[in-house]
>>> print(open('data_27.tsv').read())   # TSV, C-alpha atoms and all ligand atoms
chain	number	residue	atom	x	y	z
A	1	MET	CA	-42.86	-84.21	-40.37
A	2	GLN	CA	-42.20	-80.60	-39.55
A	3	GLN	CA	-40.40	-79.91	-36.32
A	4	THR	CA	-42.18	-77.55	-33.99
A	5	LEU	CA	-41.35	-75.79	-30.79
A	6	ASN	CA	-43.66	-76.26	-27.85
A	7	TYR	CA	-45.08	-72.75	-27.55
A	8	ARG	CA	-47.09	-73.73	-24.48
A	9	LYS	CA	-43.85	-73.90	-22.51
A	10	THR	CA	-43.09	-70.23	-23.13
A	11	ARG	CA	-42.13	-68.34	-20.00
A	12	PHE	CA	-41.51	-64.74	-19.06
A	13	ILE	CA	-37.84	-63.73	-18.85
A	14	ILE	CA	-37.51	-59.98	-18.35
A	15	SER	CA	-39.09	-56.54	-18.81
A	16	ALA	CA	-36.58	-53.97	-19.94
A	17	PRO	CA	-36.85	-50.20	-20.49
A	18	ASP	CA	-34.21	-50.41	-23.26
A	19	ILE	CA	-31.85	-52.84	-24.95
A	20	ARG	CA	-29.05	-52.24	-22.47
A	21	HIS	CA	-31.17	-54.12	-19.94
A	22	LEU	CA	-31.71	-57.14	-22.20
A	23	PRO	CA	-29.42	-60.17	-22.13
A	24	THR	CA	-27.22	-60.48	-25.22
A	25	ASP	CA	-26.32	-64.16	-24.93
A	26	SER	CA	-29.96	-65.29	-24.99
A	27	GLY	CA	-30.09	-66.52	-28.59
A	28	VAL	CA	-32.36	-65.23	-31.32
A	29	GLU	CA	-35.64	-63.41	-31.04
A	30	ILE	CA	-38.77	-62.60	-33.02
A	31	ALA	CA	-40.47	-59.34	-32.11
A	32	PHE	CA	-44.16	-58.41	-32.17
A	33	ALA	CA	-44.65	-54.80	-33.18
A	34	GLY	CA	-47.68	-52.71	-34.03
A	35	ARG	CA	-49.83	-49.76	-33.13
A	36	SER	CA	-50.98	-49.57	-29.59
A	37	ASN	CA	-54.10	-51.69	-29.06
A	38	ALA	CA	-53.47	-53.72	-32.26
A	39	GLY	CA	-53.53	-56.93	-30.24
A	40	LYS	CA	-49.84	-57.82	-29.80
A	41	SER	CA	-50.07	-59.05	-26.23
A	42	SER	CA	-53.31	-60.92	-26.95
A	43	ALA	CA	-51.66	-62.64	-29.92
A	44	LEU	CA	-48.73	-63.74	-27.77
A	45	ASN	CA	-51.10	-65.17	-25.19
A	46	ARG	CA	-53.07	-67.01	-27.84
A	47	LEU	CA	-49.96	-68.38	-29.56
A	48	THR	CA	-48.60	-69.71	-26.27
A	49	ASP	CA	-52.00	-70.87	-25.07
A	50	GLN	CA	-51.57	-68.89	-21.86
A	51	LYS	CA	-54.19	-66.45	-20.63
A	52	SER	CA	-51.96	-63.89	-18.99
A	53	LEU	CA	-48.39	-64.39	-20.14
A	54	ALA	CA	-48.39	-60.90	-21.67
A	55	ARG	CA	-50.53	-58.16	-20.14
A	56	THR	CA	-53.40	-57.01	-22.32
A	57	SER	CA	-55.63	-54.01	-21.90
A	58	LYS	CA	-58.43	-51.96	-23.37
A	59	THR	CA	-56.32	-48.89	-22.62
A	60	PRO	CA	-53.80	-48.20	-25.38
A	61	GLY	CA	-50.20	-48.04	-24.23
A	62	ARG	CA	-50.44	-50.91	-21.79
A	63	THR	CA	-47.13	-52.47	-22.81
A	64	GLN	CA	-44.54	-49.82	-22.03
A	65	LEU	CA	-41.48	-51.99	-21.69
A	66	ILE	CA	-39.72	-54.48	-23.92
A	67	ASN	CA	-40.97	-57.82	-22.63
A	68	MET	CA	-38.98	-60.93	-23.37
A	69	PHE	CA	-40.35	-64.48	-23.32
A	70	GLN	CA	-38.44	-67.69	-23.88
A	71	VAL	CA	-40.05	-70.51	-25.85
A	72	GLU	CA	-36.99	-72.71	-25.55
A	73	GLU	CA	-33.35	-72.04	-24.77
A	74	GLY	CA	-32.12	-69.72	-27.52
A	75	CYS	CA	-35.60	-68.99	-28.97
A	76	ASN	CA	-37.34	-65.89	-27.69
A	77	LEU	CA	-40.43	-63.82	-28.42
A	78	ILE	CA	-40.54	-60.08	-27.74
A	79	ASP	CA	-43.64	-58.03	-26.93
A	80	LEU	CA	-42.80	-54.46	-27.93
A	81	PRO	CA	-44.46	-51.25	-26.74
A	82	GLY	CA	-47.09	-50.09	-29.21
A	83	TYR	CA	-46.68	-47.00	-31.35
A	84	GLY	CA	-49.09	-44.34	-32.53
A	85	PHE	CA	-51.14	-43.85	-29.38
A	86	ALA	CA	-52.60	-40.42	-28.77
A	87	GLN	CA	-53.57	-40.12	-25.13
A	88	VAL	CA	-50.30	-40.22	-23.25
A	89	PRO	CA	-48.02	-37.36	-22.20
A	90	LEU	CA	-45.55	-36.37	-24.91
A	91	GLU	CA	-42.49	-37.02	-22.75
A	92	MET	CA	-43.53	-40.60	-22.06
A	93	LYS	CA	-44.34	-41.14	-25.71
A	94	LYS	CA	-40.89	-39.95	-26.73
A	95	LYS	CA	-39.22	-42.26	-24.26
A	96	TRP	CA	-41.09	-45.34	-25.46
A	97	GLN	CA	-40.63	-44.55	-29.12
A	98	ALA	CA	-36.92	-44.04	-28.57
A	99	SER	CA	-36.51	-47.42	-26.90
A	100	LEU	CA	-38.56	-49.05	-29.67
A	101	GLY	CA	-36.46	-47.46	-32.42
A	102	GLU	CA	-33.26	-48.44	-30.71
A	103	TYR	CA	-34.43	-52.03	-30.26
A	104	LEU	CA	-35.30	-52.34	-33.94
A	105	GLN	CA	-32.13	-50.76	-35.23
A	106	LYS	CA	-29.53	-52.15	-32.87
A	107	ARG	CA	-30.70	-55.44	-31.45
A	108	GLU	CA	-28.53	-58.05	-33.13
A	109	ASN	CA	-30.54	-61.01	-31.81
A	110	LEU	CA	-33.56	-59.99	-33.91
A	111	ILE	CA	-34.29	-62.43	-36.79
A	112	GLY	CA	-37.87	-61.67	-37.76
A	113	LEU	CA	-40.60	-59.12	-37.23
A	114	VAL	CA	-44.31	-59.74	-36.79
A	115	VAL	CA	-46.23	-56.54	-37.53
A	116	LEU	CA	-49.78	-56.56	-36.19
A	117	MET	CA	-52.48	-54.24	-37.51
A	118	ASP	CA	-56.17	-54.12	-36.69
A	119	ILE	CA	-57.86	-55.55	-39.83
A	120	ARG	CA	-60.29	-52.61	-39.73
A	121	HIS	CA	-57.45	-50.03	-39.87
A	122	PRO	CA	-54.55	-51.54	-41.79
A	123	LEU	CA	-51.39	-49.90	-43.13
A	124	LYS	CA	-51.28	-46.62	-41.26
A	125	ASP	CA	-48.20	-44.49	-41.87
A	126	LEU	CA	-46.30	-45.89	-38.90
A	127	ASP	CA	-47.07	-49.47	-39.99
A	128	ARG	CA	-45.66	-48.70	-43.41
A	129	GLN	CA	-42.58	-47.17	-41.84
A	130	MET	CA	-42.11	-50.23	-39.66
A	131	ILE	CA	-42.38	-52.60	-42.61
A	132	ASP	CA	-40.08	-50.46	-44.79
A	133	TRP	CA	-37.56	-50.30	-41.99
A	134	ALA	CA	-37.58	-54.09	-41.50
A	135	VAL	CA	-37.20	-54.74	-45.23
A	136	ASP	CA	-34.34	-52.23	-45.44
A	137	SER	CA	-32.63	-54.10	-42.60
A	138	GLY	CA	-33.08	-57.40	-44.41
A	139	LEU	CA	-35.52	-58.78	-41.85
A	140	PRO	CA	-38.39	-61.04	-42.93
A	141	VAL	CA	-41.83	-59.71	-41.99
A	142	LEU	CA	-45.09	-61.43	-41.12
A	143	VAL	CA	-48.00	-59.00	-41.17
A	144	LEU	CA	-50.99	-60.10	-39.11
A	145	LEU	CA	-54.38	-58.49	-39.68
A	146	THR	CA	-55.69	-58.82	-36.16
A	147	LYS	CA	-59.20	-58.96	-34.71
A	148	ALA	CA	-60.31	-60.67	-37.94
A	149	ASP	CA	-63.38	-61.87	-36.02
A	150	LYS	CA	-64.67	-58.29	-36.22
A	151	LEU	CA	-65.28	-58.61	-39.98
A	152	LYS	CA	-67.50	-60.94	-41.94
A	153	GLN	CA	-65.73	-63.48	-44.13
A	154	GLY	CA	-66.15	-61.50	-47.36
A	155	ALA	CA	-64.81	-58.24	-45.96
A	156	ARG	CA	-62.00	-60.09	-44.23
A	157	LYS	CA	-60.89	-61.72	-47.46
A	158	ALA	CA	-61.14	-58.45	-49.38
A	159	THR	CA	-58.94	-56.63	-46.87
A	160	LEU	CA	-56.43	-59.48	-46.84
A	161	LEU	CA	-56.10	-59.40	-50.62
A	162	LYS	CA	-55.87	-55.61	-50.70
A	163	VAL	CA	-53.11	-55.48	-48.10
A	164	ARG	CA	-51.21	-58.29	-49.85
A	165	LYS	CA	-51.46	-56.43	-53.14
A	166	THR	CA	-50.22	-53.16	-51.62
A	167	LEU	CA	-47.26	-54.85	-49.95
A	168	GLU	CA	-46.32	-56.79	-53.08
A	169	GLU	CA	-45.00	-53.46	-54.35
A	170	ILE	CA	-42.28	-53.60	-51.72
A	171	ASP	CA	-39.39	-55.82	-52.68
A	172	GLY	CA	-38.97	-57.78	-49.47
A	173	ASP	CA	-39.78	-61.01	-47.63
A	174	ILE	CA	-43.30	-60.08	-46.48
A	175	LYS	CA	-46.22	-62.37	-45.78
A	176	VAL	CA	-49.72	-61.28	-44.81
A	177	GLU	CA	-52.29	-63.33	-42.87
A	178	ALA	CA	-55.58	-62.73	-41.09
A	179	PHE	CA	-55.51	-63.46	-37.37
A	180	SER	CA	-57.90	-63.58	-34.43
A	181	SER	CA	-56.75	-64.12	-30.88
A	182	LEU	CA	-60.38	-64.42	-29.89
A	183	LYS	CA	-61.23	-67.22	-32.33
A	184	GLY	CA	-57.81	-68.76	-32.86
A	185	LEU	CA	-57.81	-67.96	-36.57
A	186	GLY	CA	-54.33	-68.06	-38.11
A	187	VAL	CA	-52.61	-69.61	-35.10
A	188	ASP	CA	-51.22	-72.63	-36.98
A	189	THR	CA	-49.90	-70.44	-39.78
A	190	VAL	CA	-48.10	-68.18	-37.33
A	191	HIS	CA	-46.60	-71.17	-35.49
A	192	ARG	CA	-45.29	-72.49	-38.80
A	193	GLN	CA	-43.66	-69.17	-39.64
A	194	LEU	CA	-42.09	-68.78	-36.21
A	195	ASN	CA	-40.76	-72.35	-36.44
A	196	ASN	CA	-39.25	-71.65	-39.85
A	197	TRP	CA	-37.46	-68.55	-38.61
A	198	PHE	CA	-36.23	-70.19	-35.43
A	199	PHE	CA	-35.06	-73.38	-37.17
A	200	GLU	CA	-33.14	-71.34	-39.72
A	201	HIS	CA	-31.05	-69.86	-36.94
A	202	VAL	CA	-30.89	-72.30	-34.09
A	203	GLU	CA	-29.46	-75.79	-34.10
A	204	PHE	CA	-31.21	-78.04	-31.67
A	205	VAL	CA	-29.39	-80.81	-29.90
A	206	ASP	CA	-31.21	-84.09	-30.29
A	207	GLU	CA	-32.63	-85.20	-26.95
A	208	ASP	CA	-30.83	-88.55	-27.27
A	209	ASP	CA	-27.55	-86.70	-27.72
A	210	MET	CA	-28.28	-84.68	-24.62
A	211	ASP	CA	-28.74	-87.90	-22.64
A	212	VAL	CA	-25.40	-89.19	-23.85
A	213	GLU	CA	-23.78	-85.94	-22.80
A	214	SER	CA	-25.19	-86.01	-19.32
A	215	HIS	CA	-24.14	-89.65	-18.85
A	216	GLN	CA	-20.65	-88.78	-19.90
A	217	LEU	CA	-20.60	-85.96	-17.40
A	218	SER	CA	-21.64	-88.19	-14.54
A	219	ASP	CA	-19.04	-90.79	-15.59
A	220	ASP	CA	-16.37	-88.16	-15.14
A	221	GLU	CA	-17.39	-87.47	-11.56
A	301	LIG	P1	-50.42	-52.14	-26.32
A	301	LIG	O1	-49.76	-52.99	-25.29
A	301	LIG	O2	-51.13	-50.96	-25.78
A	301	LIG	O3	-49.49	-51.75	-27.42
A	301	LIG	O4	-51.61	-53.01	-27.00
A	301	LIG	P2	-51.56	-54.46	-27.64
A	301	LIG	O5	-51.24	-54.36	-29.09
A	301	LIG	O6	-50.71	-55.38	-26.84
A	301	LIG	O7	-53.10	-54.90	-27.55
A	301	LIG	P3	-53.80	-55.94	-26.55
A	301	LIG	O8	-53.39	-57.32	-26.85
A	301	LIG	O9	-53.64	-55.45	-25.15
A	301	LIG	O10	-55.33	-55.82	-27.03
A	301	LIG	C1	-56.01	-54.58	-27.08
A	301	LIG	C2	-57.51	-54.81	-27.03
A	301	LIG	O11	-57.95	-55.54	-28.20
A	301	LIG	C3	-57.97	-55.66	-25.84
A	301	LIG	O12	-59.18	-55.12	-25.36
A	301	LIG	C4	-58.18	-57.04	-26.44
A	301	LIG	O13	-59.13	-57.80	-25.75
A	301	LIG	C5	-58.66	-56.72	-27.84
A	301	LIG	N1	-58.33	-57.80	-28.79
A	301	LIG	C6	-57.10	-58.31	-29.01
A	301	LIG	N2	-57.15	-59.31	-29.92
A	301	LIG	C7	-58.43	-59.44	-30.30
A	301	LIG	C8	-59.12	-60.29	-31.24
A	301	LIG	O14	-58.57	-61.18	-31.91
A	301	LIG	N3	-60.47	-60.10	-31.38
A	301	LIG	C9	-61.14	-59.14	-30.67
A	301	LIG	N4	-62.44	-59.01	-30.90
A	301	LIG	N5	-60.52	-58.33	-29.78
A	301	LIG	C10	-59.20	-58.47	-29.59
A	302	MG	MG	-49.42	-55.02	-25.26
>>> encode(input="data_27.tsv", output="structure tokens")
Amino acid sequence: MQQTLNYRKTRFIISAPDIRHLPTDSGVEIAFAGRSNAGKSSALNRLTDQKSLARTSKTPGRTQLINMFQVEEGCNLIDLPGYGFAQVPLEMKKKWQASLGEYLQKRENLIGLVVLMDIRHPLKDLDRQMIDWAVDSGLPVLVLLTKADKLKQGARKATLLKVRKTLEEIDGDIKVEAFSSLKGLGVDTVHRQLNNWFFEHVEFVDEDDMDVESHQLSDDE
């Protein structure tokens, strides 16, 4: 039986303008990146089965800070500010993009990247850059084609195959799946991938062992 984390227990930890404001001793993290409005926050809410864990919006640029959520001690999910939005002042844009770049390049806790792209507009330049960057850094990538409910089955499948084929040309650990926060499509697959990444990096103490430990502690008192 495959071990799984209980994603429903995920809770908000902190919103940070840059990595200096993030804890460093918090364990490993998997980040959700993508163009603004791609559906990152919605995906996080769906995956954790919580309506408003991450703030979602029709207005692009809603998530302006690095938001950290803890699934379990040592296992975190990160909602990143979106990139590629047009209608915000240039200064603000620069600030967000700088904090995003810095997070991706310098954050040592990062073990995997989920790149979300609207299935109707996949693989824009910045998405490609993001994927190339992750592969160059040796990070595994899960690409999610979001809002898959917006396409009929045939078109959905065709886009999925096309994106897979394009990304096969890159020599890296990249998987591509269709996803819908609205319909719950792809949720199990994403859970499996997140579990795999987390379990590769984190050793969990057996609950029985934890009991033993706490008994020993109280014996000492
Ligand atoms: P930023 O925080 O601006 O970077 O955006 P985001 O990537 O977090 O997007 P968000 O989750 O806020 O979703 C943007 C819009 O897309 C919202 O209006 C959502 O309701 C909608 N949306 C997200 N996921 C889905 C989906 O699976 N299906 C459909 N039909 N709409 C979705
Ligand atoms: Mg968001």
>>> closest_residue(input="data_27.tsv", among="A:Thr24, A:Ser41, A:Thr10, A:Thr146", to="ligand MG 302 (chain A)", atoms="only C-alpha atoms and all ligand atoms")
A:Ser41
>>> closest_residue(input="data_27.tsv", among="A:Phe69, A:Tyr103, A:Trp96, A:Phe179", to="ligand LIG 301 (chain A)", atoms="only C-alpha atoms and all ligand atoms")
A:Phe179
>>> residues_near_ligand(input="data_27.tsv", ligand="ligand LIG 301 (chain A)", cutoff="10 Å", atoms="all atoms listed in the file", output="MDAnalysis selection string")
chainID A and resid 32:46 54:65 79:85 116:119 145:151 178:185
>>> write_last_selection(input="data_27.tsv", atoms="C-alpha atoms", output="compact mmCIF listing (two decimals), keeping the file's coordinate frame")
# COMPACT_ATOMS: atom_id res chain seq x y z
CA PHE A 32 -44.16 -58.41 -32.17
CA ALA A 33 -44.65 -54.80 -33.18
CA GLY A 34 -47.68 -52.71 -34.03
CA ARG A 35 -49.83 -49.76 -33.13
CA SER A 36 -50.98 -49.57 -29.59
CA ASN A 37 -54.10 -51.69 -29.06
CA ALA A 38 -53.47 -53.72 -32.26
CA GLY A 39 -53.53 -56.93 -30.24
CA LYS A 40 -49.84 -57.82 -29.80
CA SER A 41 -50.07 -59.05 -26.23
CA SER A 42 -53.31 -60.92 -26.95
CA ALA A 43 -51.66 -62.64 -29.92
CA LEU A 44 -48.73 -63.74 -27.77
CA ASN A 45 -51.10 -65.17 -25.19
CA ARG A 46 -53.07 -67.01 -27.84
CA ALA A 54 -48.39 -60.90 -21.67
CA ARG A 55 -50.53 -58.16 -20.14
CA THR A 56 -53.40 -57.01 -22.32
CA SER A 57 -55.63 -54.01 -21.90
CA LYS A 58 -58.43 -51.96 -23.37
CA THR A 59 -56.32 -48.89 -22.62
CA PRO A 60 -53.80 -48.20 -25.38
CA GLY A 61 -50.20 -48.04 -24.23
CA ARG A 62 -50.44 -50.91 -21.79
CA THR A 63 -47.13 -52.47 -22.81
CA GLN A 64 -44.54 -49.82 -22.03
CA LEU A 65 -41.48 -51.99 -21.69
CA ASP A 79 -43.64 -58.03 -26.93
CA LEU A 80 -42.80 -54.46 -27.93
CA PRO A 81 -44.46 -51.25 -26.74
CA GLY A 82 -47.09 -50.09 -29.21
CA TYR A 83 -46.68 -47.00 -31.35
CA GLY A 84 -49.09 -44.34 -32.53
CA PHE A 85 -51.14 -43.85 -29.38
CA LEU A 116 -49.78 -56.56 -36.19
CA MET A 117 -52.48 -54.24 -37.51
CA ASP A 118 -56.17 -54.12 -36.69
CA ILE A 119 -57.86 -55.55 -39.83
CA LEU A 145 -54.38 -58.49 -39.68
CA THR A 146 -55.69 -58.82 -36.16
CA LYS A 147 -59.20 -58.96 -34.71
CA ALA A 148 -60.31 -60.67 -37.94
CA ASP A 149 -63.38 -61.87 -36.02
CA LYS A 150 -64.67 -58.29 -36.22
CA LEU A 151 -65.28 -58.61 -39.98
CA ALA A 178 -55.58 -62.73 -41.09
CA PHE A 179 -55.51 -63.46 -37.37
CA SER A 180 -57.90 -63.58 -34.43
CA SER A 181 -56.75 -64.12 -30.88
CA LEU A 182 -60.38 -64.42 -29.89
CA LYS A 183 -61.23 -67.22 -32.33
CA GLY A 184 -57.81 -68.76 -32.86
CA LEU A 185 -57.81 -67.96 -36.57
>>> closest_residue(input="data_27.tsv", among="A:Ala134, A:Lys106, A:Ile66, A:Arg8", to="ligand MG 302 (chain A)", atoms="only C-alpha atoms and all ligand atoms")
A:Ile66
>>> atom_distance(input="data_27.tsv", atom1="atom CA of A:Gln3", atom2="atom CA of A:Asp188")
13.1 Å
>>> atom_distance(input="data_27.tsv", atom1="atom CA of A:Lys175", atom2="atom CA of A:Leu142")
4.9 Å
>>> residues_around(input="data_27.tsv", residues="A:Asp171", least_positions_apart="5", cutoff="10 Å", atoms="all atoms listed in the file", output="number ranges by chain")
A: 132, 135-136
>>> atom_distance(input="data_27.tsv", atom1="atom CA of A:Lys94", atom2="atom CA of A:Arg120")
26.6 Å
>>> closest_residue(input="data_27.tsv", among="A:Thr189, A:Asn67, A:Ser137, A:Asn196", to="ligand MG 302 (chain A)", atoms="all atoms listed in the file")
A:Asn67
>>> closest_residue(input="data_27.tsv", among="A:Val71, A:Leu104, A:Ala158, A:Val115", to="A:Gly138", atoms="all atoms listed in the file")
A:Leu104
>>> axis_aligned_box(input="data_27.tsv", around="stretch 95-113 of chain A", padding_each_side="6 Å", output="JSON")
{"center_x": -34.8, "center_y": -52.3, "center_z": -31.0, "size_x": 24.6, "size_y": 32.2, "size_z": 25.5}
>>> residues_around(input="data_27.tsv", residues="A:Val141", least_positions_apart="3", cutoff="7 Å", atoms="only C-alpha atoms", output="PyMOL selection string")
chain A and resi 112-114+173-175
